[in-house]
file structure07.csv (CSV, C-alpha atoms)
chain,number,residue,atom,x,y,z
B,36,MET,CA,90.6,140.5,9.5
B,37,GLU,CA,88.2,141.5,12.2
B,38,GLN,CA,87.0,138.0,12.5
B,39,VAL,CA,90.5,136.7,13.0
B,40,LYS,CA,91.2,139.4,15.5
B,41,LYS,CA,88.1,138.5,17.6
B,42,TRP,CA,89.2,134.8,17.4
B,43,ALA,CA,92.6,135.7,18.8
B,44,GLU,CA,91.3,138.0,21.5
B,45,ASP,CA,88.7,135.4,22.6
B,46,LEU,CA,91.4,132.7,22.8
B,47,LEU,CA,93.7,134.9,24.8
B,48,ALA,CA,90.9,135.7,27.2
B,49,SER,CA,90.1,132.0,27.6
B,50,VAL,CA,93.7,131.1,28.2
B,51,LYS,CA,94.1,133.9,30.8
B,52,SER,CA,91.0,132.7,32.6
B,53,ASP,CA,92.2,129.1,32.8
B,54,VAL,CA,95.7,130.3,33.9
B,55,ASP,CA,93.9,132.0,36.8
B,56,LYS,CA,91.9,128.9,37.6
B,57,LEU,CA,95.1,126.9,37.6
B,58,GLY,CA,96.7,129.3,40.0
B,59,LEU,CA,99.8,129.7,37.8
B,60,ASP,CA,101.2,132.6,39.8
B,61,GLN,CA,101.0,130.6,43.0
B,62,LEU,CA,102.6,127.6,41.3
B,63,GLU,CA,105.4,129.8,39.9
B,64,ALA,CA,106.0,131.3,43.4
B,65,GLU,CA,106.2,127.8,44.8
B,66,ARG,CA,108.7,126.8,42.1
B,67,ALA,CA,110.8,129.9,42.7
B,68,GLU,CA,111.0,129.1,46.4
B,69,ILE,CA,112.2,125.5,45.7
B,70,LYS,CA,114.7,126.8,43.2
B,71,ALA,CA,116.1,129.1,45.8
B,72,GLN,CA,116.5,126.2,48.2
B,73,MET,CA,118.2,124.1,45.5
B,74,GLN,CA,120.8,126.9,45.0
B,75,GLN,CA,121.9,126.7,48.6
B,76,PRO,CA,125.4,125.2,49.1
B,77,ASP,CA,124.1,122.6,51.7
B,78,PHE,CA,121.1,121.5,49.6
B,79,TRP,CA,122.4,118.0,49.0
B,80,GLN,CA,123.4,117.3,52.6
B,81,ASP,CA,120.0,115.9,53.2
B,82,THR,CA,119.8,113.6,50.2
B,83,LYS,CA,116.2,112.4,50.7
B,84,LYS,CA,114.8,115.9,51.2
B,85,ALA,CA,116.8,117.1,48.2
B,86,GLN,CA,115.4,114.4,46.0
B,87,GLU,CA,111.9,115.2,47.1
B,88,LEU,CA,112.3,118.9,46.3
B,89,SER,CA,114.0,118.2,43.0
B,90,LYS,CA,111.1,115.9,42.0
B,91,LYS,CA,108.6,118.6,43.1
B,92,GLU,CA,110.4,121.2,41.1
B,93,ALA,CA,110.2,119.0,38.0
B,94,GLU,CA,106.5,118.3,38.5
B,95,LEU,CA,105.8,122.1,38.9
B,96,SER,CA,107.8,122.8,35.7
B,97,ARG,CA,105.8,120.2,33.8
B,98,ARG,CA,102.6,121.9,34.9
B,99,ILE,CA,103.7,125.6,34.5
B,100,ASP,CA,105.8,125.7,31.4
B,101,PRO,CA,103.2,124.5,28.8
B,102,TRP,CA,100.7,127.0,30.0
B,103,GLN,CA,103.2,129.9,30.2
B,104,ALA,CA,104.4,129.1,26.7
B,105,LEU,CA,100.9,129.0,25.3
B,106,LEU,CA,100.0,132.3,27.1
B,107,ASN,CA,103.1,134.0,25.5
B,108,GLU,CA,102.3,132.5,22.1
B,109,VAL,CA,98.7,133.7,22.0
B,110,ASP,CA,99.7,137.1,23.4
B,111,SER,CA,102.3,137.5,20.6
B,112,LEU,CA,99.7,136.5,18.0
B,113,VAL,CA,97.3,139.1,19.2
B,114,TYR,CA,100.0,141.7,19.1
B,115,LEU,CA,100.9,140.7,15.5
B,116,ILE,CA,97.2,140.8,14.4
B,117,ASN,CA,96.8,144.2,16.0
B,118,ASN,CA,99.8,145.4,14.0
B,119,GLY,CA,98.4,144.3,10.7
B,120,GLU,CA,100.3,141.0,10.3
B,121,PRO,CA,98.3,139.0,7.6
B,122,ASN,CA,97.9,135.2,7.2
B,123,ILE,CA,98.1,134.3,10.9
B,124,GLU,CA,95.2,131.8,10.8
B,125,VAL,CA,97.4,128.7,10.7
B,126,GLU,CA,99.4,129.8,13.8
B,127,LEU,CA,96.2,130.7,15.6
B,128,SER,CA,94.7,127.3,14.8
B,129,ASN,CA,97.7,125.5,16.1
B,130,ALA,CA,97.5,127.5,19.3
B,131,GLU,CA,93.8,126.7,19.6
B,132,GLN,CA,94.7,123.0,19.4
B,133,LYS,CA,97.3,123.3,22.1
B,134,TYR,CA,94.8,125.0,24.3
B,135,GLN,CA,92.2,122.3,23.9
B,136,GLU,CA,94.7,119.7,24.9
B,137,LEU,CA,96.0,121.6,27.9
B,138,LYS,CA,92.4,122.4,28.9
B,139,LYS,CA,91.9,118.7,29.7
B,140,GLU,CA,94.3,119.1,32.6
B,141,LEU,CA,91.8,121.4,34.4
B,142,ARG,CA,89.6,118.5,35.3
B,143,PHE,CA,92.4,117.2,37.5
B,144,ASN,CA,91.6,119.4,40.4
B,145,GLY,CA,91.6,116.8,43.2
B,146,PRO,CA,94.1,117.2,46.1
B,147,TYR,CA,96.1,114.1,44.9
B,148,ASP,CA,95.4,114.1,41.1
B,149,ASP,CA,99.0,115.3,40.3
B,150,HIS,CA,100.6,112.4,42.3
B,151,ASP,CA,102.2,109.2,41.0
B,152,VAL,CA,100.3,106.0,41.6
B,153,ILE,CA,100.5,102.9,43.7
B,154,LEU,CA,98.4,100.2,42.1
B,155,SER,CA,97.5,97.0,43.9
B,156,ILE,CA,95.7,93.9,42.6
B,157,HIS,CA,94.1,91.3,44.8
B,158,ALA,CA,92.7,88.0,43.6
B,159,GLY,CA,89.1,87.6,44.7
B,160,ALA,CA,86.4,84.9,44.4
B,161,GLY,CA,87.3,82.2,41.8
B,162,GLY,CA,90.2,80.2,43.2
B,163,THR,CA,93.1,79.6,40.7
B,164,ASP,CA,91.1,81.3,37.9
B,165,ALA,CA,90.9,84.5,40.1
B,166,GLN,CA,94.7,84.3,40.8
B,167,ASP,CA,95.3,83.9,37.0
B,168,TRP,CA,92.9,86.8,36.4
B,169,ALA,CA,94.9,89.0,38.8
B,170,GLN,CA,98.1,88.3,36.9
B,171,MET,CA,96.3,89.2,33.6
B,172,LEU,CA,95.3,92.5,35.1
B,173,LEU,CA,98.8,93.1,36.3
B,174,ARG,CA,100.0,92.5,32.7
B,175,MET,CA,97.3,94.8,31.4
B,176,TYR,CA,98.3,97.8,33.5
B,177,THR,CA,102.0,97.1,33.0
B,178,ARG,CA,101.5,97.1,29.2
B,179,TRP,CA,99.5,100.4,29.4
B,180,ALA,CA,102.3,102.0,31.5
B,181,GLU,CA,104.9,100.8,29.0
B,182,ALA,CA,103.0,102.2,26.1
B,183,HIS,CA,103.0,105.6,27.8
B,184,ASN,CA,106.8,105.3,28.6
B,185,LEU,CA,106.1,105.3,32.3
B,186,LYS,CA,108.3,103.9,35.1
B,187,ILE,CA,107.1,100.8,36.8
B,188,LYS,CA,108.5,99.4,40.1
B,189,THR,CA,107.4,96.3,41.8
B,190,ILE,CA,106.7,97.0,45.5
B,191,ASP,CA,105.4,93.6,46.5
B,192,GLN,CA,104.1,90.4,44.9
B,193,SER,CA,102.6,87.2,46.2
B,194,ALA,CA,102.5,84.2,43.9
B,195,GLY,CA,99.4,81.9,43.6
B,196,GLU,CA,99.6,78.3,44.6
B,197,GLU,CA,99.1,76.8,41.2
B,198,ALA,CA,99.2,79.8,38.8
B,199,GLY,CA,98.9,83.6,38.8
B,200,ILE,CA,99.2,85.8,41.8
B,201,LYS,CA,97.4,86.3,45.0
B,202,SER,CA,98.3,90.0,45.1
B,203,ALA,CA,100.8,92.5,43.6
B,204,THR,CA,101.6,96.1,44.3
B,205,ILE,CA,103.4,98.3,41.8
B,206,GLU,CA,104.4,102.0,41.6
B,207,ILE,CA,103.8,103.9,38.4
B,208,SER,CA,105.4,107.2,37.7
B,209,GLY,CA,106.7,109.5,35.0
B,210,GLU,CA,103.6,111.5,33.8
B,211,PRO,CA,101.6,114.4,35.2
B,212,PHE,CA,98.2,113.7,36.8
B,213,LEU,CA,98.7,110.0,36.9
B,214,TYR,CA,96.5,109.5,39.9
B,215,GLY,CA,93.8,111.7,38.3
B,216,LYS,CA,93.9,109.6,35.2
B,217,LEU,CA,94.0,106.1,36.8
B,218,ALA,CA,91.7,106.7,39.8
B,219,GLY,CA,88.7,105.4,37.8
B,220,GLU,CA,90.3,102.0,37.6
B,221,HIS,CA,89.8,101.5,41.3
B,222,GLY,CA,87.3,98.8,42.0
B,223,VAL,CA,86.3,95.1,41.3
B,224,HIS,CA,87.0,93.7,37.8
B,225,ARG,CA,85.1,90.6,36.5
B,226,LEU,CA,86.3,88.1,34.0
B,227,VAL,CA,84.1,85.5,32.2
B,228,ARG,CA,85.9,82.8,30.1
B,229,ILE,CA,86.4,79.1,29.5
B,230,SER,CA,88.7,78.1,32.4
B,231,PRO,CA,92.1,76.8,31.4
B,232,PHE,CA,92.3,75.1,34.7
B,233,ASN,CA,89.1,73.1,34.4
B,234,SER,CA,89.4,69.8,32.4
B,235,GLY,CA,85.6,70.0,31.8
B,236,GLY,CA,86.0,73.2,29.8
B,237,SER,CA,83.3,75.0,31.7
B,238,ARG,CA,82.7,78.7,31.7
B,239,GLU,CA,84.0,80.4,34.9
B,240,THR,CA,83.6,83.8,36.4
B,241,SER,CA,86.5,85.3,38.3
B,242,PHE,CA,87.0,88.5,40.3
B,243,ALA,CA,89.9,90.7,41.3
B,244,LYS,CA,90.1,94.0,43.1
B,245,VAL,CA,92.2,96.8,41.8
B,246,GLU,CA,93.3,99.5,44.2
B,247,VAL,CA,94.5,102.8,42.8
B,248,LEU,CA,96.2,105.0,45.5
B,249,PRO,CA,98.0,108.3,45.3
B,250,MET,CA,101.7,107.9,46.1
B,251,VAL,CA,101.9,110.2,49.2
B,252,ALA,CA,105.6,110.1,50.0
B,253,GLY,CA,105.7,113.3,52.0
B,254,PRO,CA,104.6,112.8,55.7
B,255,ASN,CA,103.2,116.4,55.7
B,256,GLU,CA,100.5,115.5,53.2
B,257,VAL,CA,99.0,112.7,55.3
B,258,ALA,CA,100.2,113.1,58.9
B,259,LEU,CA,100.2,109.8,60.8
B,260,ASP,CA,100.1,109.8,64.5
B,261,GLU,CA,102.6,107.2,65.8
B,262,LYS,CA,100.2,106.1,68.6
B,263,ASP,CA,97.7,105.1,65.9
B,264,LEU,CA,100.1,102.7,64.3
B,265,LYS,CA,100.9,99.1,65.2
B,266,ILE,CA,104.1,97.9,63.6
B,267,ASP,CA,105.0,94.2,63.4
B,268,VAL,CA,108.2,92.7,61.9
B,269,TYR,CA,108.6,89.1,60.8
B,270,ARG,CA,110.7,86.9,58.6
B,271,ALA,CA,110.0,87.4,54.9
B,272,GLY,CA,108.8,84.4,53.0
B,273,GLY,CA,110.9,82.8,50.2
B,274,HIS,CA,111.0,80.0,47.7
B,275,GLY,CA,113.9,78.2,49.4
B,276,GLY,CA,117.6,78.0,48.6
B,277,GLN,CA,119.9,81.0,48.9
B,278,SER,CA,117.1,83.5,48.4
B,279,VAL,CA,115.4,82.7,51.8
B,280,ASN,CA,115.5,85.8,54.0
B,281,THR,CA,117.0,84.8,57.3
B,282,THR,CA,116.3,88.1,59.1
B,283,ASP,CA,113.1,89.7,60.3
B,284,SER,CA,112.9,92.2,57.5
B,285,ALA,CA,109.2,92.1,56.5
B,286,VAL,CA,107.1,94.8,58.0
B,287,ARG,CA,103.3,95.0,58.7
B,288,ILE,CA,101.9,98.4,59.7
B,289,THR,CA,98.3,98.6,60.9
B,290,HIS,CA,96.4,101.9,61.3
B,291,VAL,CA,94.5,101.0,64.4
B,292,PRO,CA,91.5,103.5,64.1
B,293,SER,CA,90.6,102.2,60.6
B,294,GLY,CA,92.0,98.7,60.9
B,295,ILE,CA,93.8,99.1,57.6
B,296,SER,CA,97.0,97.0,57.4
B,297,VAL,CA,99.9,97.1,54.9
B,298,ALA,CA,102.5,94.4,54.7
B,299,ILE,CA,105.7,94.7,52.7
B,300,GLN,CA,108.6,92.2,52.4
B,301,ASN,CA,110.0,92.9,48.9
B,302,GLU,CA,113.2,94.7,50.1
B,303,ARG,CA,115.9,93.0,52.2
B,304,SER,CA,116.1,96.0,54.5
B,305,GLN,CA,113.6,96.3,57.3
B,306,LEU,CA,113.9,100.1,57.1
B,307,GLN,CA,113.2,100.1,53.4
B,308,ASN,CA,110.1,97.9,53.9
B,309,ARG,CA,108.9,100.1,56.7
B,310,GLU,CA,109.3,103.3,54.5
B,311,THR,CA,107.5,101.6,51.6
B,312,ALA,CA,104.7,100.3,53.9
B,313,LEU,CA,104.2,103.9,55.2
B,314,ILE,CA,103.9,105.3,51.7
B,315,VAL,CA,101.3,102.7,50.7
B,316,LEU,CA,99.4,103.2,54.0
B,317,ARG,CA,99.3,107.0,53.5
B,318,GLY,CA,98.0,106.5,49.9
B,319,ARG,CA,95.3,104.1,51.1
B,320,LEU,CA,94.2,106.4,53.9
B,321,ALA,CA,94.2,109.5,51.5
B,322,GLN,CA,92.1,107.6,49.0
B,323,LEU,CA,89.6,106.4,51.6
B,324,GLN,CA,89.5,109.9,53.3
B,325,GLN,CA,88.3,111.3,49.9
B,326,GLU,CA,86.0,108.4,49.3
B,327,GLN,CA,84.3,108.6,52.7
B,328,HIS,CA,84.5,112.5,53.0
B,329,ALA,CA,86.1,112.0,56.4
B,330,GLU,CA,87.2,115.1,58.3
B,331,SER,CA,90.1,113.2,59.9
B,332,LEU,CA,92.0,110.0,59.6
B,333,ALA,CA,90.6,108.8,62.9
B,334,ASN,CA,87.1,108.8,61.3
B,335,ILE,CA,88.0,106.5,58.4
B,336,LYS,CA,86.5,103.1,58.3
B,337,GLY,CA,88.3,100.2,56.6
B,338,PRO,CA,87.2,99.3,53.1
B,339,ASN,CA,84.5,96.7,52.9
B,340,GLN,CA,84.0,96.1,49.2
B,341,SER,CA,84.9,92.5,48.5
B,342,ALA,CA,86.0,91.2,45.1
B,343,GLU,CA,82.9,89.2,44.2
B,344,TRP,CA,79.7,89.2,42.2
B,345,GLY,CA,77.6,92.5,42.4
B,346,ASN,CA,80.6,94.8,43.2
B,347,GLN,CA,82.2,94.9,39.8
B,348,ILE,CA,82.9,98.2,38.0
B,349,ARG,CA,83.8,96.5,34.7
B,350,SER,CA,83.3,93.1,33.1
B,351,TYR,CA,85.6,91.4,30.5
B,352,VAL,CA,83.8,88.6,28.7
B,353,LEU,CA,85.8,86.2,26.5
B,354,HIS,CA,83.0,83.6,26.2
B,355,PRO,CA,80.4,83.0,24.8
B,356,TYR,CA,80.9,86.4,23.1
B,357,LYS,CA,83.6,89.0,23.4
B,358,GLN,CA,82.9,92.3,25.2
B,359,VAL,CA,84.4,94.6,27.7
B,360,LYS,CA,81.8,96.8,29.4
B,361,ASP,CA,82.3,99.5,32.1
B,362,ASN,CA,79.2,99.5,34.3
B,363,ARG,CA,79.6,103.2,35.3
B,364,THR,CA,80.1,104.8,32.0
B,365,GLY,CA,78.3,102.4,29.7
B,366,TYR,CA,81.4,102.1,27.5
B,367,GLU,CA,81.5,98.9,25.5
B,368,SER,CA,84.0,97.3,23.1
B,369,SER,CA,84.3,93.9,21.5
B,370,GLU,CA,88.1,94.3,21.3
B,371,VAL,CA,88.7,92.6,24.7
B,372,GLU,CA,92.1,91.3,23.7
B,373,LYS,CA,93.4,94.8,22.8
B,374,VAL,CA,92.1,96.1,26.2
B,375,LEU,CA,93.8,93.2,28.0
B,376,ASP,CA,97.0,94.0,26.1
B,377,GLY,CA,97.0,97.5,27.6
B,378,ASN,CA,94.7,99.6,25.3
B,379,LEU,CA,93.0,101.3,28.3
B,380,ASP,CA,92.9,104.9,27.0
B,381,PRO,CA,89.3,104.7,25.7
B,382,LEU,CA,88.0,103.3,29.0
B,383,ILE,CA,90.0,105.9,31.0
B,384,ASN,CA,88.8,108.8,28.8
B,385,ALA,CA,85.2,107.6,29.0
B,386,TRP,CA,85.5,107.7,32.8
B,387,LEU,CA,87.1,111.2,32.8
B,388,GLU,CA,84.4,112.5,30.5
B,389,LYS,CA,81.7,111.2,32.8
B,390,ILE,CA,83.2,112.9,36.0
B,391,SER,CA,84.2,116.2,34.4
call {"tool": "encode", "arguments": {"input": "structure07.csv", "output": "structure tokens"}}
result
Amino acid sequence: MEQVKKWAEDLLASVKSDVDKLGLDQLEAERAEIKAQMQQPDFWQDTKKAQELSKKEAELSRRIDPWQALLNEVDSLVYLINNGEPNIEVELSNAEQKYQELKKELRFNGPYDDHDVILSIHAGAGGTDAQDWAQMLLRMYTRWAEAHNLKIKTIDQSAGEEAGIKSATIEISGEPFLYGKLAGEHGVHRLVRISPFNSGGSRETSFAKVEVLPMVAGPNEVALDEKDLKIDVYRAGGHGGQSVNTTDSAVRITHVPSGISVAIQNERSQLQNRETALIVLRGRLAQLQQEQHAESLANIKGPNQSAEWGNQIRSYVLHPYKQVKDNRTGYESSEVEKVLDGNLDPLINAWLEKIS
């Protein structure tokens, strides 16, 4: 009985320690403040702000509630043990398992780790093969998101000349710490295979760059100075027929100090494209600011990593053997088709283990 009591007390102490690290009291205070605003009669007069606050309240609840429930559960178990309740080991073991799962969240302590994700894919060196490879990567991440019951929204997409895509940008949402989980996918991805576009059946190497950005919708998180922005509007491209856009709805926003440019034309409304472009731009600047340890946005330099040989973070080989290998973690697997079909969790977990 003394051994079980010590187990329970040690578990309670560990949970309390991690609750403090998580800043649960501060998060609870933030949620209470939002709930107070939500109860005001004029809350929904500003629909956009109301939606942002409602989403924030839901995110805080997803983070707070499991920890609060575990703390209460373990506290109750300690109470029962101290009052002579026998055969409590099964409940204690279940609580321990819950704790070990929740504890993994503590590694997501970056400023944007709890944000949704904007994921962009750009075809690199390799011509049509690279554009086809970019589309294969888009399918891979879409399948991964679908397997996790996440929401996927296409922000922008540019088709290749013969096959595949030149680029695509999607939004992924619906799970806590998405940016923290997917940030390790950011970089150049390399494919080796027999080209389906080469009549000679030669082996080709293709490259594509994946950008993983936090979805920074709130202007307060990444404050952009209007004088640092160059905004151009132009007519969106189309494939002909009735779908051709006859208005100047496409928007390109350039952050002059860094030279970073974002162009969006997916929506028919210029205003919607402008808002989306600003969200993508904030995400790109936030990601680069962390990467470059820049004190201010004005000190950020544009990204210079090109999607070509020598820059890859991961290789996917389909010929002459089958292997996917992450150059940073050393993770290897011969089940390349499963990875390309969305089974990314082993690669993601290997990256998270390495950086935690």
call {"tool": "closest_atom_pairs", "arguments": {"input": "structure07.csv", "of": "segment 138-234 of chain B", "to": "segment 359-367 of chain B", "cutoff": "10 Å", "atoms": "only C-alpha atoms", "output": "CSV"}}
result
residue,atom,partner,partner_atom,distance
B:Gly219,CA,B:Arg363,CA,9.7
B:His224,CA,B:Asp361,CA,9.4
B:Arg225,CA,B:Val359,CA,9.7
B:Leu226,CA,B:Val359,CA,9.2
call {"tool": "residues_around", "arguments": {"input": "structure07.csv", "residues": "segment 235-245 of chain B", "least_positions_apart": "2", "cutoff": "10 Å", "atoms": "all atoms listed in the file", "output": "number ranges by chain"}}
result
B: 154-170, 172-173, 201-204, 220-233, 247-248, 340-344, 346-348, 350-355
call {"tool": "residues_around", "arguments": {"input": "structure07.csv", "residues": "segment 300-308 of chain B", "least_positions_apart": "2", "cutoff": "7 Å", "atoms": "only C-alpha atoms", "output": "mmCIF file with C-alpha atoms, in the coordinates of the input"}}
result
data_model
loop_
_atom_site.group_PDB
_atom_site.id
_atom_site.type_symbol
_atom_site.label_atom_id
_atom_site.label_comp_id
_atom_site.auth_asym_id
_atom_site.auth_seq_id
_atom_site.Cartn_x
_atom_site.Cartn_y
_atom_site.Cartn_z
ATOM 1 C CA ILE B 190 106.700 97.000 45.500
ATOM 2 C CA ASP B 191 105.400 93.600 46.500
ATOM 3 C CA ALA B 271 110.000 87.400 54.900
ATOM 4 C CA SER B 284 112.900 92.200 57.500
ATOM 5 C CA ALA B 285 109.200 92.100 56.500
ATOM 6 C CA VAL B 286 107.100 94.800 58.000
ATOM 7 C CA ALA B 298 102.500 94.400 54.700
ATOM 8 C CA GLU B 310 109.300 103.300 54.500
ATOM 9 C CA THR B 311 107.500 101.600 51.600
ATOM 10 C CA ALA B 312 104.700 100.300 53.900
#
call {"tool": "residues_near_point", "arguments": {"input": "structure07.csv", "point": "(96.7, 114.9, 38.4)", "cutoff": "10 Å", "atoms": "all atoms listed in the file", "output": "PyMOL selection string"}}
result
chain B and resi 98+140-151+210-218+249
call {"tool": "residues_around", "arguments": {"input": "structure07.csv", "residues": "Ser111 of chain B", "least_positions_apart": "5", "cutoff": "12 Å", "atoms": "only C-alpha atoms", "output": "ChimeraX atom specification"}}
result
/B:43-44,47,104-106,116-118,120,123,126-127,130
call {"tool": "closest_residue", "arguments": {"input": "structure07.csv", "among": "B:Met175, B:Met250, B:Asn184, B:Gly318", "to": "Val371 of chain B", "atoms": "all atoms listed in the file"}}
result
B:Met175
call {"tool": "atom_distance", "arguments": {"input": "structure07.csv", "atom1": "atom CA of Gly253 of chain B", "atom2": "atom CA of Lys70 of chain B"}}
result
18.5 Å
call {"tool": "atom_distance", "arguments": {"input": "structure07.csv", "atom1": "atom CA of Ile314 of chain B", "atom2": "atom CA of Gln192 of chain B"}}
result
16.4 Å
call {"tool": "closest_residue", "arguments": {"input": "structure07.csv", "among": "B:Leu379, B:Val257, B:Val39, B:Ala64", "to": "Ala180 of chain B", "atoms": "all atoms listed in the file"}}
result
B:Leu379
call {"tool": "closest_residue", "arguments": {"input": "structure07.csv", "among": "B:Ile207, B:Ile383, B:Leu95, B:Ala194", "to": "Thr177 of chain B", "atoms": "all atoms listed in the file"}}
result
B:Ile207
call {"tool": "atom_distance", "arguments": {"input": "structure07.csv", "atom1": "atom CA of Asp260 of chain B", "atom2": "atom CA of Ser193 of chain B"}}
result
29.2 Å
call {"tool": "closest_residue", "arguments": {"input": "structure07.csv", "among": "B:Gln80, B:Gln358, B:Ser391, B:Asn384", "to": "Glu372 of chain B", "atoms": "all atoms listed in the file"}}
result
B:Gln358
